[in-house]
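S.K.: I'm passing along final.txt; it holds compact mmCIF, C-alpha atoms.
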# COMPACT_ATOMS: atom_id res chain seq x y z
CA MET A 21 136.60 29.53 85.22
CA PRO A 22 132.91 28.62 85.08
CA VAL A 23 132.83 24.85 85.35
CA LEU A 24 129.75 24.18 83.28
CA ARG A 25 130.88 25.79 80.06
CA ASN A 26 134.28 24.09 80.32
CA LEU A 27 132.91 20.66 81.12
CA PRO A 28 132.18 19.61 77.50
CA ILE A 29 135.67 20.76 76.47
CA PHE A 30 137.28 18.50 79.07
CA GLY A 31 134.85 15.74 78.12
CA PHE A 32 135.75 15.79 74.43
CA LEU A 33 139.45 16.18 75.16
CA GLY A 34 139.49 13.42 77.79
CA LEU A 35 137.19 10.94 76.10
CA TRP A 36 138.42 11.18 72.53
CA ILE A 37 141.18 13.60 71.55
CA ILE A 38 143.71 12.65 74.26
CA PRO A 39 143.01 8.89 73.80
CA VAL A 40 143.59 9.33 70.02
CA LEU A 41 146.96 10.94 70.76
CA PHE A 42 147.77 8.27 73.34
CA CYS A 43 146.96 5.52 70.84
CA GLY A 44 149.45 6.90 68.35
CA PHE A 45 152.18 7.64 70.88
CA ALA A 46 151.93 4.46 72.96
CA ASP A 47 150.71 1.97 70.32
CA GLN A 48 147.90 0.82 72.59
CA THR A 49 144.36 1.88 73.44
CA PHE A 50 143.87 4.34 76.30
CA PRO A 51 143.90 2.23 79.50
CA LEU A 52 141.78 4.60 81.61
CA LEU A 53 138.69 4.20 79.45
CA PRO A 54 136.31 1.23 79.24
CA ASP A 55 136.97 -0.91 76.16
CA ILE A 56 133.88 0.26 74.29
CA LEU A 57 135.11 3.88 74.44
CA ALA A 58 138.81 3.13 74.08
CA ARG A 59 138.21 1.28 70.80
CA ARG A 60 136.59 4.41 69.35
CA SER A 61 139.85 6.31 69.71
CA ASN A 62 141.88 3.71 67.84
CA VAL A 63 142.12 5.82 64.69
CA SER A 64 145.82 6.63 64.65
CA ARG A 65 147.20 3.12 64.16
CA LEU A 66 146.10 2.64 60.56
CA PHE A 67 148.40 1.49 57.78
CA ALA A 68 151.49 1.56 59.98
CA PHE A 69 153.01 -1.33 58.07
CA GLY A 70 153.18 -2.21 54.43
CA PRO A 71 153.21 -5.98 54.70
CA SER A 72 154.59 -7.86 51.71
CA LYS A 73 152.00 -10.62 52.24
CA VAL A 74 148.25 -10.57 52.95
CA ALA A 75 146.49 -13.47 54.71
CA VAL A 76 143.64 -15.00 52.69
CA TYR A 77 141.13 -17.31 54.37
CA GLU A 78 139.07 -20.07 52.86
CA PHE A 79 136.48 -22.40 54.38
CA GLN A 80 136.05 -25.97 53.21
CA PHE A 81 133.24 -28.27 54.27
CA ARG A 82 132.39 -31.95 54.01
CA ASN A 83 128.87 -33.31 53.77
CA SER A 84 127.98 -36.33 55.90
CA ASP A 85 127.56 -38.49 52.79
CA SER A 86 130.89 -37.55 51.28
CA GLU A 87 134.57 -38.18 51.88
CA ASN A 88 135.72 -35.07 50.03
CA PHE A 89 135.90 -31.47 51.10
CA GLU A 90 134.29 -28.76 49.00
CA THR A 91 135.45 -25.16 48.97
CA LEU A 92 132.89 -22.67 50.25
CA ASP A 93 131.83 -19.99 47.79
CA GLU A 94 131.96 -17.19 50.35
CA ARG A 95 130.17 -14.77 48.00
CA SER A 96 126.94 -16.73 48.46
CA PHE A 97 126.85 -15.74 52.15
CA PHE A 98 129.04 -12.61 52.22
CA VAL A 99 128.28 -10.13 49.45
CA MET A 100 129.24 -6.96 51.27
CA GLN A 101 132.78 -5.64 50.86
CA PRO A 102 133.41 -3.18 53.70
CA PHE A 103 136.49 -1.23 52.48
CA GLY A 104 138.83 -2.91 50.05
CA TYR A 105 138.18 -5.87 47.75
CA ARG A 106 137.43 -8.34 50.52
CA THR A 107 134.22 -9.75 51.88
CA ARG A 108 132.96 -9.35 55.45
CA MET A 109 134.10 -12.93 55.99
CA GLN A 110 137.73 -12.07 55.22
CA ARG A 111 137.55 -9.02 57.46
CA ALA A 112 135.83 -11.01 60.24
CA LEU A 113 138.54 -13.65 60.16
CA SER A 114 141.26 -11.02 60.33
CA LEU A 115 139.66 -9.87 63.63
CA ALA A 116 138.76 -13.31 64.97
CA ASN A 117 140.17 -15.35 67.80
CA GLU A 118 139.44 -19.09 68.04
CA SER A 119 136.04 -18.66 69.71
CA ARG A 120 134.89 -16.22 67.01
CA ARG A 121 136.19 -18.55 64.29
CA ARG A 122 134.19 -21.33 65.89
CA ALA A 123 131.09 -19.11 65.94
CA LEU A 124 131.57 -18.35 62.24
CA ALA A 125 132.02 -22.04 61.40
CA ASP A 126 128.85 -22.91 63.35
CA TRP A 127 126.94 -20.16 61.55
CA LEU A 128 128.18 -21.42 58.17
CA LYS A 129 127.17 -24.98 59.08
CA GLY A 130 123.61 -23.81 59.80
CA SER A 131 123.47 -21.69 56.65
CA LEU A 132 124.85 -24.46 54.44
CA GLU A 133 122.40 -27.00 55.87
CA ARG A 134 119.45 -24.65 55.27
CA GLN A 135 120.68 -24.09 51.71
CA GLY A 136 121.35 -27.80 51.16
CA HIS A 137 117.79 -28.83 52.05
CA GLY A 138 118.53 -31.11 54.93
CA GLN A 139 121.97 -32.32 53.97
CA GLN A 140 124.13 -32.40 57.09
CA ILE A 141 127.59 -30.89 57.36
CA ALA A 142 130.00 -33.28 59.08
CA GLU A 143 133.18 -31.24 59.07
CA ILE A 144 134.37 -27.71 58.39
CA ARG A 145 137.95 -26.56 58.14
CA LEU A 146 139.48 -23.15 57.80
CA LEU A 147 142.49 -22.70 55.53
CA VAL A 148 144.85 -19.74 55.42
CA PHE A 149 147.47 -18.86 52.85
CA PRO A 150 149.49 -15.76 51.95
CA TYR A 151 148.87 -13.49 48.99
CA ASP A 152 152.36 -12.41 47.97
CA ILE A 153 152.27 -8.76 46.92
CA ALA A 154 155.78 -8.76 45.41
CA ALA A 155 155.01 -11.85 43.32
CA SER A 156 151.95 -10.15 41.85
CA HIS A 157 153.93 -7.13 40.59
CA PRO A 158 153.33 -5.40 38.31
CA PRO A 159 149.59 -5.77 38.98
CA ASP A 160 147.33 -6.04 35.94
CA GLY A 161 144.16 -4.72 37.59
CA HIS A 162 142.52 -4.21 40.95
CA TYR A 163 143.13 -6.68 43.79
CA HIS A 164 141.72 -10.14 43.17
CA GLN A 165 141.40 -12.60 45.99
CA GLN A 166 143.21 -15.82 45.18
CA LYS A 167 141.88 -19.33 45.82
CA SER A 168 143.89 -21.98 47.64
CA SER A 169 143.87 -24.04 44.41
CA GLU A 170 145.80 -21.22 42.68
CA VAL A 171 148.72 -21.12 45.09
CA ASP A 172 151.54 -23.50 45.96
CA THR A 173 150.04 -26.20 48.23
CA THR A 174 152.98 -25.92 50.63
CA LEU A 175 151.83 -22.40 51.49
CA VAL A 176 148.31 -23.46 52.48
CA ARG A 177 147.80 -24.46 56.09
CA ILE A 178 144.82 -25.52 58.13
CA LEU A 179 144.07 -22.89 60.78
CA SER A 180 141.12 -24.64 62.47
CA GLU A 181 139.08 -27.81 62.09
CA TYR A 182 135.56 -28.39 63.37
CA ASP A 183 134.19 -31.91 63.48
CA TYR A 184 130.44 -31.97 64.03
CA ASP A 185 130.38 -35.69 64.79
CA VAL A 186 127.53 -36.38 62.43
CA PRO A 187 126.85 -40.10 61.90
CA ARG A 188 127.95 -41.07 58.41
CA ASN A 189 125.14 -41.81 55.95
CA PRO A 190 125.15 -45.41 54.68
CA MET B 6 155.08 36.45 94.92
CA PHE B 7 151.44 35.57 95.50
CA LEU B 8 150.44 38.52 93.35
CA GLY B 9 152.76 37.29 90.59
CA ILE B 10 151.18 33.81 90.59
CA HIS B 11 147.73 35.33 90.66
CA LYS B 12 148.57 37.55 87.67
CA LEU B 13 149.99 34.57 85.77
CA TYR B 14 146.83 32.58 86.55
CA ARG B 15 144.58 35.43 85.36
CA CYS B 16 146.62 35.77 82.18
CA ALA B 17 146.39 32.01 81.48
CA MET B 18 142.64 32.05 82.12
CA ASP B 19 142.15 35.00 79.78
CA ARG B 20 144.05 33.18 77.06
CA TRP B 21 142.04 30.01 77.68
CA ASP B 22 138.78 31.95 77.42
CA THR B 23 139.91 33.77 74.26
CA PHE B 24 140.95 30.51 72.62
CA TRP B 25 137.80 28.56 73.43
CA PHE B 26 135.04 31.12 73.75
CA SER B 27 135.78 34.13 71.56
CA PRO B 28 132.95 34.69 69.07
CA THR B 29 133.56 33.35 65.59
CA PRO B 30 131.40 33.47 62.43
CA SER B 31 129.24 30.35 62.23
CA ALA B 32 129.69 30.01 58.44
CA ASN B 33 132.51 27.45 58.56
CA TYR B 34 130.83 25.36 61.25
CA THR B 35 127.57 25.30 59.28
CA LEU B 36 129.35 24.31 56.08
CA PHE B 37 131.21 21.60 57.99
CA ARG B 38 127.88 20.23 59.23
CA VAL B 39 126.53 20.04 55.67
CA CYS B 40 129.73 18.35 54.40
CA GLN B 41 129.74 15.81 57.24
CA GLY B 42 126.02 15.12 56.83
CA VAL B 43 126.28 14.56 53.08
CA THR B 44 129.39 12.36 53.45
CA LEU B 45 127.72 10.28 56.14
CA MET B 46 124.61 9.82 53.98
CA LEU B 47 126.74 8.68 51.03
CA TYR B 48 128.69 6.28 53.26
CA LEU B 49 125.55 4.85 54.82
CA ALA B 50 123.82 4.56 51.42
CA ALA B 51 126.70 2.34 50.24
CA TRP B 52 126.48 0.14 53.36
CA TRP B 53 122.68 0.01 53.38
CA ARG B 54 122.67 -1.79 50.01
CA HIS B 55 123.74 -4.81 52.08
CA ALA B 56 121.64 -4.05 55.17
CA PRO B 57 120.32 -7.62 55.77
CA GLU B 58 123.89 -8.94 55.87
CA TRP B 59 125.37 -5.89 57.60
CA ILE B 60 122.98 -5.11 60.46
CA GLY B 61 120.23 -7.67 59.88
CA THR B 62 119.77 -11.15 61.22
CA ASP B 63 120.55 -12.63 57.77
CA GLY B 64 124.27 -11.97 58.20
CA PHE B 65 126.91 -13.37 60.51
CA HIS B 66 127.76 -11.30 63.58
CA PHE B 67 130.25 -11.99 66.35
CA PRO B 68 128.44 -13.33 69.42
CA ASP B 69 130.15 -10.73 71.63
CA GLU B 70 128.87 -7.63 69.78
CA VAL B 71 127.30 -4.95 71.99
CA PHE B 72 123.90 -4.96 70.22
CA PRO B 73 121.96 -7.72 68.47
CA PRO B 74 121.20 -7.41 64.72
CA LEU B 75 117.75 -6.29 63.54
CA PRO B 76 115.07 -8.62 62.17
CA SER B 77 114.27 -8.04 58.48
CA GLY B 78 110.90 -6.46 59.25
CA ILE B 79 112.47 -3.72 61.39
CA LEU B 80 115.21 -2.76 58.91
CA PRO B 81 113.12 -0.38 56.72
CA ILE B 82 111.79 1.45 59.79
CA PHE B 83 115.29 1.85 61.18
CA GLY B 84 116.51 3.05 57.77
CA ILE B 85 113.81 5.72 57.57
CA ILE B 86 114.69 6.97 61.06
CA GLN B 87 118.43 6.99 60.35
CA PHE B 88 118.30 8.71 56.94
CA GLY B 89 115.44 11.03 57.94
CA ALA B 90 117.28 12.26 61.02
CA LEU B 91 120.49 12.67 59.07
CA LEU B 92 118.79 14.65 56.31
CA LEU B 93 117.16 17.02 58.79
CA PHE B 94 120.44 17.37 60.67
CA THR B 95 122.23 18.22 57.41
CA LEU B 96 119.56 20.80 56.55
CA GLY B 97 119.99 22.39 59.97
CA TRP B 98 116.44 21.76 61.22
CA GLN B 99 116.38 21.13 64.99
CA THR B 100 120.11 20.45 64.72
CA ARG B 101 120.62 19.27 68.29
CA LEU B 102 117.67 16.87 68.29
CA PHE B 103 118.58 15.29 64.96
CA ALA B 104 122.28 15.21 65.80
CA ILE B 105 121.35 13.14 68.87
CA VAL B 106 119.07 10.80 66.87
CA SER B 107 121.73 10.43 64.14
CA TRP B 108 124.37 9.79 66.80
CA LEU B 109 122.27 7.09 68.47
CA CYS B 110 121.51 5.37 65.14
CA PHE B 111 125.14 5.55 64.08
CA CYS B 112 126.39 4.21 67.43
CA TYR B 113 124.02 1.28 66.93
CA VAL B 114 125.31 0.37 63.43
CA THR B 115 128.89 0.73 64.65
CA LEU B 116 128.42 -1.46 67.70
CA VAL B 117 126.24 -4.12 66.07
CA ASP B 118 128.90 -5.05 63.53
CA ARG B 119 132.54 -4.32 64.22
CA ILE B 120 133.39 -6.21 61.02
CA ALA B 121 132.15 -3.35 58.83
CA ALA B 122 133.05 -0.51 61.24
CA PHE B 123 136.29 1.38 60.73
CA SER B 124 137.98 4.57 61.89
CA ILE B 125 135.56 6.59 59.81
CA ASN B 126 132.80 5.42 62.22
CA SER B 127 134.69 6.60 65.30
CA ILE B 128 135.31 10.00 63.72
CA PHE B 129 131.62 10.39 62.78
CA ILE B 130 130.59 9.43 66.33
CA PHE B 131 132.87 12.21 67.59
CA THR B 132 131.63 14.87 65.14
CA LEU B 133 127.94 14.04 65.70
CA ALA B 134 128.54 14.27 69.46
CA ILE B 135 130.07 17.72 68.94
CA PHE B 136 126.90 18.85 67.10
CA ALA B 137 124.69 17.33 69.80
CA VAL B 138 126.44 19.48 72.40
CA TYR B 139 127.10 22.53 70.20
CA PRO B 140 124.31 22.65 67.57
CA GLY B 141 125.27 26.13 66.29
CA SER B 142 122.81 28.51 64.72
CA GLY B 143 121.87 26.12 61.90
CA ARG B 144 122.55 28.73 59.20
CA ILE B 145 125.53 30.42 57.58
CA GLY B 146 125.09 33.90 59.07
CA GLY B 147 125.60 34.82 62.71
CA GLN B 148 128.25 33.98 65.24
CA LEU B 149 128.97 31.28 67.80
CA ALA B 150 131.53 30.62 70.52
CA ALA B 151 134.68 29.12 68.98
CA THR B 152 134.52 25.99 71.20
CA PRO B 153 133.24 23.38 68.68
CA VAL B 154 135.42 24.75 65.87
CA ARG B 155 138.50 24.59 68.10
CA LEU B 156 137.69 21.04 69.25
CA LEU B 157 137.29 19.87 65.66
CA GLN B 158 140.44 21.62 64.49
CA ILE B 159 142.43 20.05 67.33
CA ALA B 160 140.87 16.65 66.60
CA LEU B 161 141.96 16.77 62.93
CA VAL B 162 145.52 17.68 63.80
CA ALA B 163 145.58 15.08 66.62
CA ILE B 164 144.54 12.36 64.14
CA TYR B 165 147.17 13.36 61.58
CA PHE B 166 150.01 13.91 64.02
CA SER B 167 149.48 10.76 66.10
CA SER B 168 149.08 8.70 62.90
CA GLY B 169 152.35 10.08 61.56
CA TRP B 170 154.09 9.44 64.87
CA HIS B 171 152.80 5.88 64.99
CA LYS B 172 153.88 5.18 61.41
CA ALA B 173 157.37 6.57 62.05
CA VAL B 174 158.01 5.05 65.49
CA TYR B 175 156.05 1.79 65.54
CA GLY B 176 155.50 1.14 61.84
CA ASN B 177 157.97 0.72 59.02
CA TRP B 178 157.40 3.95 57.10
CA LEU B 179 160.97 5.13 57.81
CA ASP B 180 162.68 1.74 57.58
CA SER B 181 161.31 0.38 54.33
CA PRO B 182 161.09 2.31 51.05
CA THR B 183 158.27 0.05 49.78
CA THR B 184 155.74 0.49 52.60
CA LEU B 185 153.36 2.75 50.66
CA GLN B 186 153.73 0.62 47.53
CA ASN B 187 152.82 -2.51 49.52
CA ILE B 188 149.82 -0.84 51.15
CA MET B 189 148.58 0.27 47.74
CA SER B 190 149.13 -3.18 46.23
CA GLY B 191 147.12 -5.05 48.82
CA MET B 192 143.40 -5.62 49.12
CA PHE B 193 142.59 -1.92 48.67
CA MET B 194 144.23 -1.63 45.24
CA THR B 195 141.92 -0.10 42.63
CA ASP B 196 142.35 -0.32 38.85
CA ILE B 197 143.76 3.23 38.89
CA ALA B 198 146.26 2.21 41.57
CA ALA B 199 147.30 -0.85 39.57
CA ARG B 200 147.83 1.24 36.44
CA SER B 201 149.78 3.86 38.39
CA LEU B 202 151.98 1.18 39.95
CA GLN B 203 152.73 -0.10 36.44
CA THR B 204 153.45 3.39 35.10
CA PHE B 205 155.50 5.14 37.75
CA PRO B 206 158.89 3.87 38.96
CA ALA B 207 159.35 2.70 42.55
CA GLY B 208 161.20 5.92 43.43
CA VAL B 209 158.03 7.96 42.92
CA TRP B 210 156.17 5.86 45.50
CA THR B 211 159.07 6.04 47.94
CA ALA B 212 159.07 9.85 47.61
CA ALA B 213 155.27 9.92 48.08
CA GLN B 214 155.68 7.78 51.21
CA TYR B 215 158.12 10.20 52.87
CA VAL B 216 156.16 13.30 51.80
CA THR B 217 152.96 11.77 53.26
CA LEU B 218 154.72 11.03 56.52
CA ALA B 219 156.14 14.58 56.64
CA PHE B 220 152.64 16.01 56.02
CA GLU B 221 151.23 14.10 58.99
CA LEU B 222 154.12 14.91 61.33
CA PHE B 223 154.14 18.61 60.43
CA SER B 224 150.34 18.95 60.44
CA PRO B 225 150.24 21.02 63.68
CA VAL B 226 152.50 23.63 62.07
CA LEU B 227 150.81 23.42 58.68
CA PHE B 228 147.25 23.84 59.96
CA PHE B 229 147.74 26.25 62.86
CA SER B 230 150.08 28.67 61.08
CA ARG B 231 148.33 31.48 59.21
CA LYS B 232 150.98 31.49 56.49
CA LEU B 233 151.31 27.74 55.99
CA LYS B 234 147.61 26.88 56.33
CA TRP B 235 147.00 27.00 52.56
CA ILE B 236 149.91 24.66 51.93
CA GLY B 237 148.48 22.26 54.53
CA ILE B 238 145.01 22.38 52.98
CA ALA B 239 146.33 22.00 49.42
CA PHE B 240 148.58 19.11 50.35
CA GLY B 241 145.83 17.47 52.42
CA CYS B 242 143.47 17.63 49.44
CA VAL B 243 146.05 15.97 47.17
CA PHE B 244 146.70 13.34 49.87
CA HIS B 245 143.02 12.49 50.32
CA ILE B 246 142.17 12.58 46.60
CA GLY B 247 145.03 10.09 46.16
CA ILE B 248 143.56 7.84 48.86
CA ALA B 249 140.12 8.05 47.24
CA LEU B 250 141.50 7.11 43.82
CA PHE B 251 143.96 4.42 44.86
CA MET B 252 142.16 2.66 47.72
CA HIS B 253 138.81 0.97 47.14
CA GLN B 254 135.92 2.61 49.05
CA LEU B 255 138.14 4.91 51.08
CA ILE B 256 136.52 7.83 49.26
CA TYR B 257 134.15 8.24 52.24
CA PHE B 258 137.11 8.62 54.59
CA SER B 259 138.70 11.15 52.22
CA LEU B 260 135.50 13.21 52.01
CA GLN B 261 135.12 13.06 55.78
CA MET B 262 138.66 14.30 56.42
CA MET B 263 138.59 16.97 53.71
CA SER B 264 135.38 18.41 55.14
CA PHE B 265 137.39 19.33 58.27
CA TYR B 266 139.38 21.74 56.09
CA VAL B 267 136.46 24.17 55.82
CA LEU B 268 137.01 24.89 59.52
CA PHE B 269 140.38 26.41 58.67
CA LEU B 270 139.13 28.67 55.86
CA PRO B 271 138.49 32.39 56.43
CA ALA B 272 134.80 32.61 57.34
CA ASP B 273 134.04 35.63 55.12
CA ARG B 274 134.61 33.48 52.02
CA GLN B 275 131.74 31.17 52.94
CA ARG B 276 129.47 34.08 53.73
CA LYS B 277 130.13 35.54 50.29
CA HIS B 278 129.15 32.28 48.56
CA PHE B 279 126.27 31.32 50.91
CA PRO B 280 124.59 34.58 51.94
Give the structure from the file, written as structure tokens.

M.R.:
Amino acid sequence: MPVLRNLPIFGFLGLWIIPVLFCGFADQTFPLLPDILARRSNVSRLFAFGPSKVAVYEFQFRNSDSENFETLDERSFFVMQPFGYRTRMQRALSLANESRRRALADWLKGSLERQGHGQQIAEIRLLVFPYDIAASHPPDGHYHQQKSSEVDTTLVRILSEYDYDVPRNP
Amino acid sequence: MFLGIHKLYRCAMDRWDTFWFSPTPSANYTLFRVCQGVTLMLYLAAWWRHAPEWIGTDGFHFPDEVFPPLPSGILPIFGIIQFGALLLFTLGWQTRLFAIVSWLCFCYVTLVDRIAAFSINSIFIFTLAIFAVYPGSGRIGGQLAATPVRLLQIALVAIYFSSGWHKAVYGNWLDSPTTLQNIMSGMFMTDIAARSLQTFPAGVWTAAQYVTLAFELFSPVLFFSRKLKWIGIAFGCVFHIGIALFMHQLIYFSLQMMSFYVLFLPADRQRKHFP
């Protein structure tokens, strides 16, 4: 068995095809590969569940000269919809842990302040609420993302709060 | 006894060599390259409309991404390199070189923004790597060792079978009759999907759910059996056309997966149509 001509076969089998199989059979990424490679083989765990509810995220912010929170229009910062009718922000939050949520809130603060011509953001909070698939049946068109104001307030909860400790304007 | 083991070893090695290295017409592999190249260009064209947000510094990116985003001034240059390399790869000009350049560019866009990267990215990284190692002849005529075709065929069946296994064992595709209906009604639901959900009774979607699962679980038999191959290809096409119609923007995934089917077609058909 000449080694050289078989080497790529073992490479492709070992680095991708076997990890893809492992992912599906063991419900976890292949432990023998570094994370950057193991994540590439995570293609067999898609759509395993048909959840009856989808999490929807919403940012609200408060300017330093105001007592009230305003809802962020996410489409002004996130236009792209990478697969499905959801913005990159929704997808990012579905992948985010607390430190990534914090990074997103900090980025939004900077972006809002640049857009608001010097107005400072004092507080940002992240809300989450469920979109009930069964309640929306039969659907009357493609998926539309709901706003927190459209759902029962008892279903809306605050996932994270970020206080930027900005001195209040007189 | 030693002679018996030696004979068994020789026999196994001969079978291994026949499976991986026997000459095969390059027509299917060439057509697969064109299909993958065109699909990848369409997919990238859709994402590039939002390049400043997607891979540029204008958009939000997780701080722990592998690569930093590109400044606005660099984006057009990167775009020209990415699409230029991909076009030349698709046309079969210096296939290895442009497969490598396309692979590098695609690895970058995958690793700079995990938010917009999905399974389709991982599969393209794999197929471009195959072409970087096994560029083929670059044209329809001629022959090549079966190695890349076999690897791609096995990869397709591995994706289907492990997905089916995962859905059946870890997911709720066997337990709940509404799994497919719920998936279709979520954030991927297109207007066509909404109308179909209104029109067809729940039983139709439950039946579609179990048939889809059966297709994935029986894919090794369907695709590697000479007699059942056409059923596998026909069913796979219906399955992926359904995904493309019912799930927003998954058309690129459907095209990508369906292009694997050309690797299972008899090669003389392609040669007849593309002399």

S.K.: CA of Ile256 in chain B and CA of Phe50 in chain A are how many Å apart?

M.R.: 28.2 Å

S.K.: Provide the CA of Asp160 in chain A to CA of Phe251 in chain B distance in Å, to one decimal place.

M.R.: 14.2 Å

S.K.: Which residue is closest to Leu157 in chain B? Choose from B:Leu133, B:Ala213, B:Leu179, B:Val243 and count only C-alpha atoms.

M.R.: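 When distances to Leu157 in chain B are compared using only C-alpha atoms, the smallest one comes from B:Leu133.
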
S.K.: Report the distance between CA of Trp127 in chain A and CA of Thr91 in chain A in Å, rounded to one decimal place.

M.R.: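 CA of Thr91 in chain A lies 16.0 Å from CA of Trp127 in chain A.
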
S.K.: For chain B, which residues have at least one atom within 7 Å of chain A, if we go by all atoms listed in the file? Write them as JSON, numbers by chain, please.

M.R.: {"B": [55, 65, 67, 120, 121, 124, 127, 160, 163, 164, 167, 168, 170, 171, 172, 176, 177, 178, 184, 185, 187, 188, 190, 191, 192, 193, 194, 195, 196, 199, 202, 203, 252, 253, 254, 255]}

S.K.: Find the residues around Tyr48 in chain B up to 9 Å (only C-alpha atoms counted), leave out those fewer than 4 positions away in its own chain, and share them as number ranges by chain.

M.R.: B: 43-44, 52-53, 256-258

S.K.: With C-alpha atoms kept, could you save the residues just selected as a PDB file, in the coordinates of the input?

M.R.:
ATOM      1  CA  VAL B  43     126.280  14.560  53.080  1.00  0.00           C
ATOM      2  CA  THR B  44     129.390  12.360  53.450  1.00  0.00           C
ATOM      3  CA  TRP B  52     126.480   0.140  53.360  1.00  0.00           C
ATOM      4  CA  TRP B  53     122.680   0.010  53.380  1.00  0.00           C
ATOM      5  CA  ILE B 256     136.520   7.830  49.260  1.00  0.00           C
ATOM      6  CA  TYR B 257     134.150   8.240  52.240  1.00  0.00           C
ATOM      7  CA  PHE B 258     137.110   8.620  54.590  1.00  0.00           C
TER       8      PHE B 258
END

S.K.: Restricting the calculation to all atoms listed in the file, which member of B:Ala198, B:Val162, B:Phe205, B:Tyr139 is positioned closest to Phe223 in chain B?

M.R.: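 Nearest to Phe223 in chain B: B:Val162.
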
S.K.: Of the candidates A:Leu27, A:Gln48, A:Ile141, A:Ala155, which one gets nearest to Glu87 in chain A if we count only C-alpha atoms?

M.R.: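 Of the candidates, the smallest distance to Glu87 in chain A is held by A:Ile141.
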
S.K.: Can you pull out the residues contacting Gly84 in chain B? Cut-off 10 Å, using all atoms listed in the file, and skip same-chain residues under 5 positions away; I want them as number ranges by chain.

M.R.: B: 49-50, 53, 56, 79, 89-90, 110

S.K.: So, counting all atoms listed in the file, which residue among B:Ile246, B:Ser259, B:Thr183, B:Gly169 is closest to Ala219 in chain B?

M.R.: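 So, comparing all the options, the nearest one is B:Gly169.
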
S.K.: When distances are computed from only C-alpha atoms, which of B:Tyr266, B:Phe136, B:Leu116, B:Val106 shows the smallest separation from Ile85 in chain B?

M.R.: B:Val106

S.K.: What lies within 8 Å of Asp118 in chain B using only C-alpha atoms, ignoring chain neighbours under 4 positions off, as number ranges by chain?

M.R.: B: 59-60, 66-67, 70, 114, 122

S.K.: Could you add whatever atoms are missing so that range 172-184 of chain A carries N, CA and C atoms, then write the result as a PDB file, in the frame of the given file?

M.R.:
ATOM      1  N   ASP A 172     150.714 -22.350  45.627  1.00  0.00           N
ATOM      2  CA  ASP A 172     151.540 -23.500  45.960  1.00  0.00           C
ATOM      3  C   ASP A 172     150.954 -24.198  47.212  1.00  0.00           C
ATOM      4  N   THR A 173     150.702 -25.489  47.119  1.00  0.00           N
ATOM      5  CA  THR A 173     150.040 -26.200  48.230  1.00  0.00           C
ATOM      6  C   THR A 173     150.843 -26.156  49.528  1.00  0.00           C
ATOM      7  N   THR A 174     152.160 -25.972  49.414  1.00  0.00           N
ATOM      8  CA  THR A 174     152.980 -25.920  50.630  1.00  0.00           C
ATOM      9  C   THR A 174     152.709 -24.649  51.447  1.00  0.00           C
ATOM     10  N   LEU A 175     152.111 -23.661  50.796  1.00  0.00           N
ATOM     11  CA  LEU A 175     151.830 -22.400  51.490  1.00  0.00           C
ATOM     12  C   LEU A 175     150.490 -22.423  52.229  1.00  0.00           C
ATOM     13  N   VAL A 176     149.655 -23.404  51.893  1.00  0.00           N
ATOM     14  CA  VAL A 176     148.310 -23.460  52.480  1.00  0.00           C
ATOM     15  C   VAL A 176     148.366 -24.270  53.774  1.00  0.00           C
ATOM     16  N   ARG A 177     147.841 -23.690  54.837  1.00  0.00           N
ATOM     17  CA  ARG A 177     147.800 -24.460  56.090  1.00  0.00           C
ATOM     18  C   ARG A 177     146.405 -24.419  56.692  1.00  0.00           C
ATOM     19  N   ILE A 178     146.131 -25.455  57.480  1.00  0.00           N
ATOM     20  CA  ILE A 178     144.820 -25.520  58.130  1.00  0.00           C
ATOM     21  C   ILE A 178     144.903 -24.743  59.449  1.00  0.00           C
ATOM     22  N   LEU A 179     144.048 -23.725  59.569  1.00  0.00           N
ATOM     23  CA  LEU A 179     144.070 -22.890  60.780  1.00  0.00           C
ATOM     24  C   LEU A 179     143.190 -23.499  61.872  1.00  0.00           C
ATOM     25  N   SER A 180     142.036 -24.023  61.494  1.00  0.00           N
ATOM     26  CA  SER A 180     141.120 -24.640  62.470  1.00  0.00           C
ATOM     27  C   SER A 180     140.327 -25.745  61.795  1.00  0.00           C
ATOM     28  N   GLU A 181     139.929 -26.726  62.598  1.00  0.00           N
ATOM     29  CA  GLU A 181     139.080 -27.810  62.090  1.00  0.00           C
ATOM     30  C   GLU A 181     137.928 -28.018  63.061  1.00  0.00           C
ATOM     31  N   TYR A 182     136.743 -28.204  62.523  1.00  0.00           N
ATOM     32  CA  TYR A 182     135.560 -28.390  63.370  1.00  0.00           C
ATOM     33  C   TYR A 182     134.838 -29.649  62.920  1.00  0.00           C
ATOM     34  N   ASP A 183     134.828 -30.632  63.800  1.00  0.00           N
ATOM     35  CA  ASP A 183     134.190 -31.910  63.480  1.00  0.00           C
ATOM     36  C   ASP A 183     132.845 -31.940  64.190  1.00  0.00           C
ATOM     37  N   TYR A 184     131.777 -32.050  63.434  1.00  0.00           N
ATOM     38  CA  TYR A 184     130.440 -31.970  64.030  1.00  0.00           C
ATOM     39  C   TYR A 184     129.885 -33.343  64.424  1.00  0.00           C
TER      40      TYR A 184
END
